[in-house]
Every structure is written in structure tokens, then in C-alpha cells.
Amino acid sequence: NIPSFFFQHLIYSSNHLNYTLVWALLDTLSRELQALVEHPNGTKTNPATTCKELLLAHPDLPDG
């Protein structure tokens, strides 16, 4: 767990809001959250833990 003062220092360097860093952090968090809620599709970027998990998420996919 990263303390909030760490982010505050990065975001408010020299008392000016660093919008580039804020948007980069928000984009990263958005991608991580999307990966958590997205159903696996069997690709390298979104793999399934088991074949059954893939079957439950996408019952219309062919075997193999």
C-alpha cells in the first residue's frame, strides 16, 4: 500500500498540479480496473485461468 503523501508529492510538484501525471495515473488505474472486471477471452493480454472459466465466459467459442 503506497501512502497518499507519495502521490501528493508527485502530483503537486512545486505547488503546481501535474496534469500529465494525473491523467497517466488515471489511465493506468482504468486499465487495471477494466482487466479485473472483463471476462477472459483467452488471449495473451486477457487469459483465462482454466478452460472452464473460458467456457463459462464465452460458451459460443469453438473447442481448441
# chains A, B, ... in the order shown; residues from 1 in each chain; ligands from 1
$ select_by_dssp --residues "chain A" --states "alpha helix (DSSP H)" --output "PyMOL selection string"
chain A and resi 4-11+19-37+51-57
$ residues_around --residues "Lys52 in chain A" --least-positions-apart "3" --cutoff "12 Å" --atoms "only C-alpha atoms" --output "list of chain:residue names"
A:Pro40, A:Asn41, A:Gly42, A:Ala48, A:Thr49, A:Leu55, A:Leu56, A:Ala57, A:His58, A:Pro59, A:Leu61, A:Asp63
$ write_last_selection --atoms "N, CA, C and O atoms" --output "PDB file, in the first residue's frame"
ATOM      1  N   PRO A  40     -12.506 -13.089 -19.339  1.00  0.00           N
ATOM      2  CA  PRO A  40     -11.324 -13.526 -20.081  1.00  0.00           C
ATOM      3  C   PRO A  40     -11.727 -13.956 -21.492  1.00  0.00           C
ATOM      4  O   PRO A  40     -12.808 -14.498 -21.701  1.00  0.00           O
ATOM      5  N   ASN A  41     -10.845 -13.686 -22.463  1.00  0.00           N
ATOM      6  CA  ASN A  41     -11.146 -14.114 -23.829  1.00  0.00           C
ATOM      7  C   ASN A  41     -10.112 -15.082 -24.382  1.00  0.00           C
ATOM      8  O   ASN A  41     -10.146 -15.427 -25.553  1.00  0.00           O
ATOM      9  N   GLY A  42      -9.172 -15.490 -23.534  1.00  0.00           N
ATOM     10  CA  GLY A  42      -8.191 -16.484 -23.948  1.00  0.00           C
ATOM     11  C   GLY A  42      -6.981 -15.926 -24.660  1.00  0.00           C
ATOM     12  O   GLY A  42      -6.118 -16.685 -25.102  1.00  0.00           O
ATOM     13  N   ALA A  48      -7.559 -16.771 -19.670  1.00  0.00           N
ATOM     14  CA  ALA A  48      -8.430 -17.427 -18.700  1.00  0.00           C
ATOM     15  C   ALA A  48      -7.553 -18.259 -17.773  1.00  0.00           C
ATOM     16  O   ALA A  48      -6.485 -18.738 -18.159  1.00  0.00           O
ATOM     17  N   THR A  49      -7.998 -18.427 -16.535  1.00  0.00           N
ATOM     18  CA  THR A  49      -7.246 -19.246 -15.585  1.00  0.00           C
ATOM     19  C   THR A  49      -7.369 -20.717 -15.944  1.00  0.00           C
ATOM     20  O   THR A  49      -6.409 -21.472 -15.867  1.00  0.00           O
ATOM     21  N   LEU A  55     -14.903 -21.240 -21.001  1.00  0.00           N
ATOM     22  CA  LEU A  55     -16.178 -21.785 -21.457  1.00  0.00           C
ATOM     23  C   LEU A  55     -17.353 -21.049 -20.823  1.00  0.00           C
ATOM     24  O   LEU A  55     -18.332 -20.726 -21.504  1.00  0.00           O
ATOM     25  N   LEU A  56     -17.263 -20.761 -19.532  1.00  0.00           N
ATOM     26  CA  LEU A  56     -18.340 -20.049 -18.846  1.00  0.00           C
ATOM     27  C   LEU A  56     -18.479 -18.606 -19.347  1.00  0.00           C
ATOM     28  O   LEU A  56     -19.584 -18.080 -19.448  1.00  0.00           O
ATOM     29  N   ALA A  57     -17.362 -17.978 -19.671  1.00  0.00           N
ATOM     30  CA  ALA A  57     -17.396 -16.597 -20.138  1.00  0.00           C
ATOM     31  C   ALA A  57     -17.854 -16.499 -21.587  1.00  0.00           C
ATOM     32  O   ALA A  57     -18.505 -15.529 -21.976  1.00  0.00           O
ATOM     33  N   HIS A  58     -17.512 -17.511 -22.395  1.00  0.00           N
ATOM     34  CA  HIS A  58     -17.817 -17.495 -23.833  1.00  0.00           C
ATOM     35  C   HIS A  58     -18.262 -18.879 -24.285  1.00  0.00           C
ATOM     36  O   HIS A  58     -17.504 -19.613 -24.931  1.00  0.00           O
ATOM     37  N   PRO A  59     -19.493 -19.261 -23.976  1.00  0.00           N
ATOM     38  CA  PRO A  59     -19.952 -20.609 -24.325  1.00  0.00           C
ATOM     39  C   PRO A  59     -20.057 -20.846 -25.839  1.00  0.00           C
ATOM     40  O   PRO A  59     -20.075 -21.988 -26.282  1.00  0.00           O
ATOM     41  N   LEU A  61     -17.726 -20.070 -28.095  1.00  0.00           N
ATOM     42  CA  LEU A  61     -16.428 -20.307 -28.723  1.00  0.00           C
ATOM     43  C   LEU A  61     -16.243 -21.776 -29.061  1.00  0.00           C
ATOM     44  O   LEU A  61     -16.657 -22.649 -28.296  1.00  0.00           O
ATOM     45  N   ASP A  63     -14.179 -25.381 -29.541  1.00  0.00           N
ATOM     46  CA  ASP A  63     -13.128 -26.064 -28.784  1.00  0.00           C
ATOM     47  C   ASP A  63     -11.791 -25.882 -29.504  1.00  0.00           C
ATOM     48  O   ASP A  63     -11.731 -25.777 -30.715  1.00  0.00           O
TER      49      ASP A  63
END
$ residues_around --residues "Tyr12 in chain A" --least-positions-apart "5" --cutoff "10 Å" --atoms "only C-alpha atoms" --output "PyMOL selection string"
chain A and resi 7+17-19+21-22
$ write_last_selection --atoms "N, CA and C atoms" --output "PDB file, in the first residue's frame"
ATOM      1  N   PHE A   7       1.869  10.170  -3.594  1.00  0.00           N
ATOM      2  CA  PHE A   7       1.178  10.642  -4.784  1.00  0.00           C
ATOM      3  C   PHE A   7       1.009  12.162  -4.763  1.00  0.00           C
ATOM      4  N   LEU A  17      -0.178  21.634 -10.153  1.00  0.00           N
ATOM      5  CA  LEU A  17      -0.759  20.339 -10.479  1.00  0.00           C
ATOM      6  C   LEU A  17      -0.169  19.817 -11.789  1.00  0.00           C
ATOM      7  N   ASN A  18       0.357  18.610 -11.745  1.00  0.00           N
ATOM      8  CA  ASN A  18       0.952  17.988 -12.923  1.00  0.00           C
ATOM      9  C   ASN A  18      -0.133  17.177 -13.636  1.00  0.00           C
ATOM     10  N   TYR A  19      -0.842  17.815 -14.549  1.00  0.00           N
ATOM     11  CA  TYR A  19      -1.969  17.176 -15.230  1.00  0.00           C
ATOM     12  C   TYR A  19      -1.542  15.953 -16.043  1.00  0.00           C
ATOM     13  N   LEU A  21       0.791  13.793 -15.344  1.00  0.00           N
ATOM     14  CA  LEU A  21       0.945  12.671 -14.424  1.00  0.00           C
ATOM     15  C   LEU A  21      -0.405  12.190 -13.902  1.00  0.00           C
ATOM     16  N   VAL A  22      -1.291  13.110 -13.600  1.00  0.00           N
ATOM     17  CA  VAL A  22      -2.627  12.744 -13.114  1.00  0.00           C
ATOM     18  C   VAL A  22      -3.347  11.898 -14.159  1.00  0.00           C
TER      19      VAL A  22
END
$ decode --residues "chain A" --atoms "C-alpha atoms" --output "compact mmCIF listing (two decimals), in the first residue's frame"
# COMPACT_ATOMS: atom_id res chain seq x y z
CA ASN A 1 0.00 0.00 0.00
CA ILE A 2 1.51 3.31 -1.11
CA PRO A 3 0.98 6.26 1.24
CA SER A 4 -1.06 9.15 -0.16
CA PHE A 5 1.68 11.72 0.53
CA PHE A 6 3.79 9.95 -2.09
CA PHE A 7 1.18 10.64 -4.78
CA GLN A 8 0.58 14.15 -3.48
CA HIS A 9 4.27 14.92 -3.88
CA LEU A 10 4.30 13.56 -7.44
CA ILE A 11 1.11 15.29 -8.49
CA TYR A 12 1.80 18.63 -6.81
CA SER A 13 5.47 19.05 -7.58
CA SER A 14 6.48 22.66 -6.93
CA ASN A 15 2.90 23.60 -5.94
CA HIS A 16 1.56 23.13 -9.50
CA LEU A 17 -0.76 20.34 -10.48
CA ASN A 18 0.95 17.99 -12.92
CA TYR A 19 -1.97 17.18 -15.23
CA THR A 20 0.12 14.85 -17.40
CA LEU A 21 0.94 12.67 -14.42
CA VAL A 22 -2.63 12.74 -13.11
CA TRP A 23 -4.01 11.58 -16.48
CA ALA A 24 -1.33 8.89 -16.76
CA LEU A 25 -2.23 7.56 -13.29
CA LEU A 26 -5.94 7.62 -14.09
CA ASP A 27 -5.35 5.81 -17.37
CA THR A 28 -3.30 3.12 -15.64
CA LEU A 29 -5.93 2.66 -12.93
CA SER A 30 -8.67 2.49 -15.54
CA ARG A 31 -6.86 -0.26 -17.46
CA GLU A 32 -6.22 -2.26 -14.30
CA LEU A 33 -9.86 -1.99 -13.22
CA GLN A 34 -11.06 -2.95 -16.70
CA ALA A 35 -8.85 -6.05 -16.62
CA LEU A 36 -10.38 -7.05 -13.28
CA VAL A 37 -13.99 -6.85 -14.45
CA GLU A 38 -13.55 -8.01 -18.04
CA HIS A 39 -14.38 -11.58 -18.92
CA PRO A 40 -11.32 -13.53 -20.08
CA ASN A 41 -11.15 -14.11 -23.83
CA GLY A 42 -8.19 -16.48 -23.95
CA THR A 43 -5.72 -14.01 -25.41
CA LYS A 44 -2.27 -13.30 -24.04
CA THR A 45 -3.43 -9.95 -22.63
CA ASN A 46 -6.65 -11.35 -21.13
CA PRO A 47 -6.09 -15.06 -20.47
CA ALA A 48 -8.43 -17.43 -18.70
CA THR A 49 -7.25 -19.25 -15.58
CA THR A 50 -8.82 -22.50 -16.73
CA CYS A 51 -10.59 -23.84 -19.80
CA LYS A 52 -13.81 -23.97 -17.78
CA GLU A 53 -13.53 -20.26 -16.97
CA LEU A 54 -13.21 -19.52 -20.68
CA LEU A 55 -16.18 -21.79 -21.46
CA LEU A 56 -18.34 -20.05 -18.85
CA ALA A 57 -17.40 -16.60 -20.14
CA HIS A 58 -17.82 -17.49 -23.83
CA PRO A 59 -19.95 -20.61 -24.33
CA ASP A 60 -20.18 -19.91 -28.09
CA LEU A 61 -16.43 -20.31 -28.72
CA PRO A 62 -15.32 -23.49 -30.53
CA ASP A 63 -13.13 -26.06 -28.78
CA GLY A 64 -9.37 -25.88 -29.27
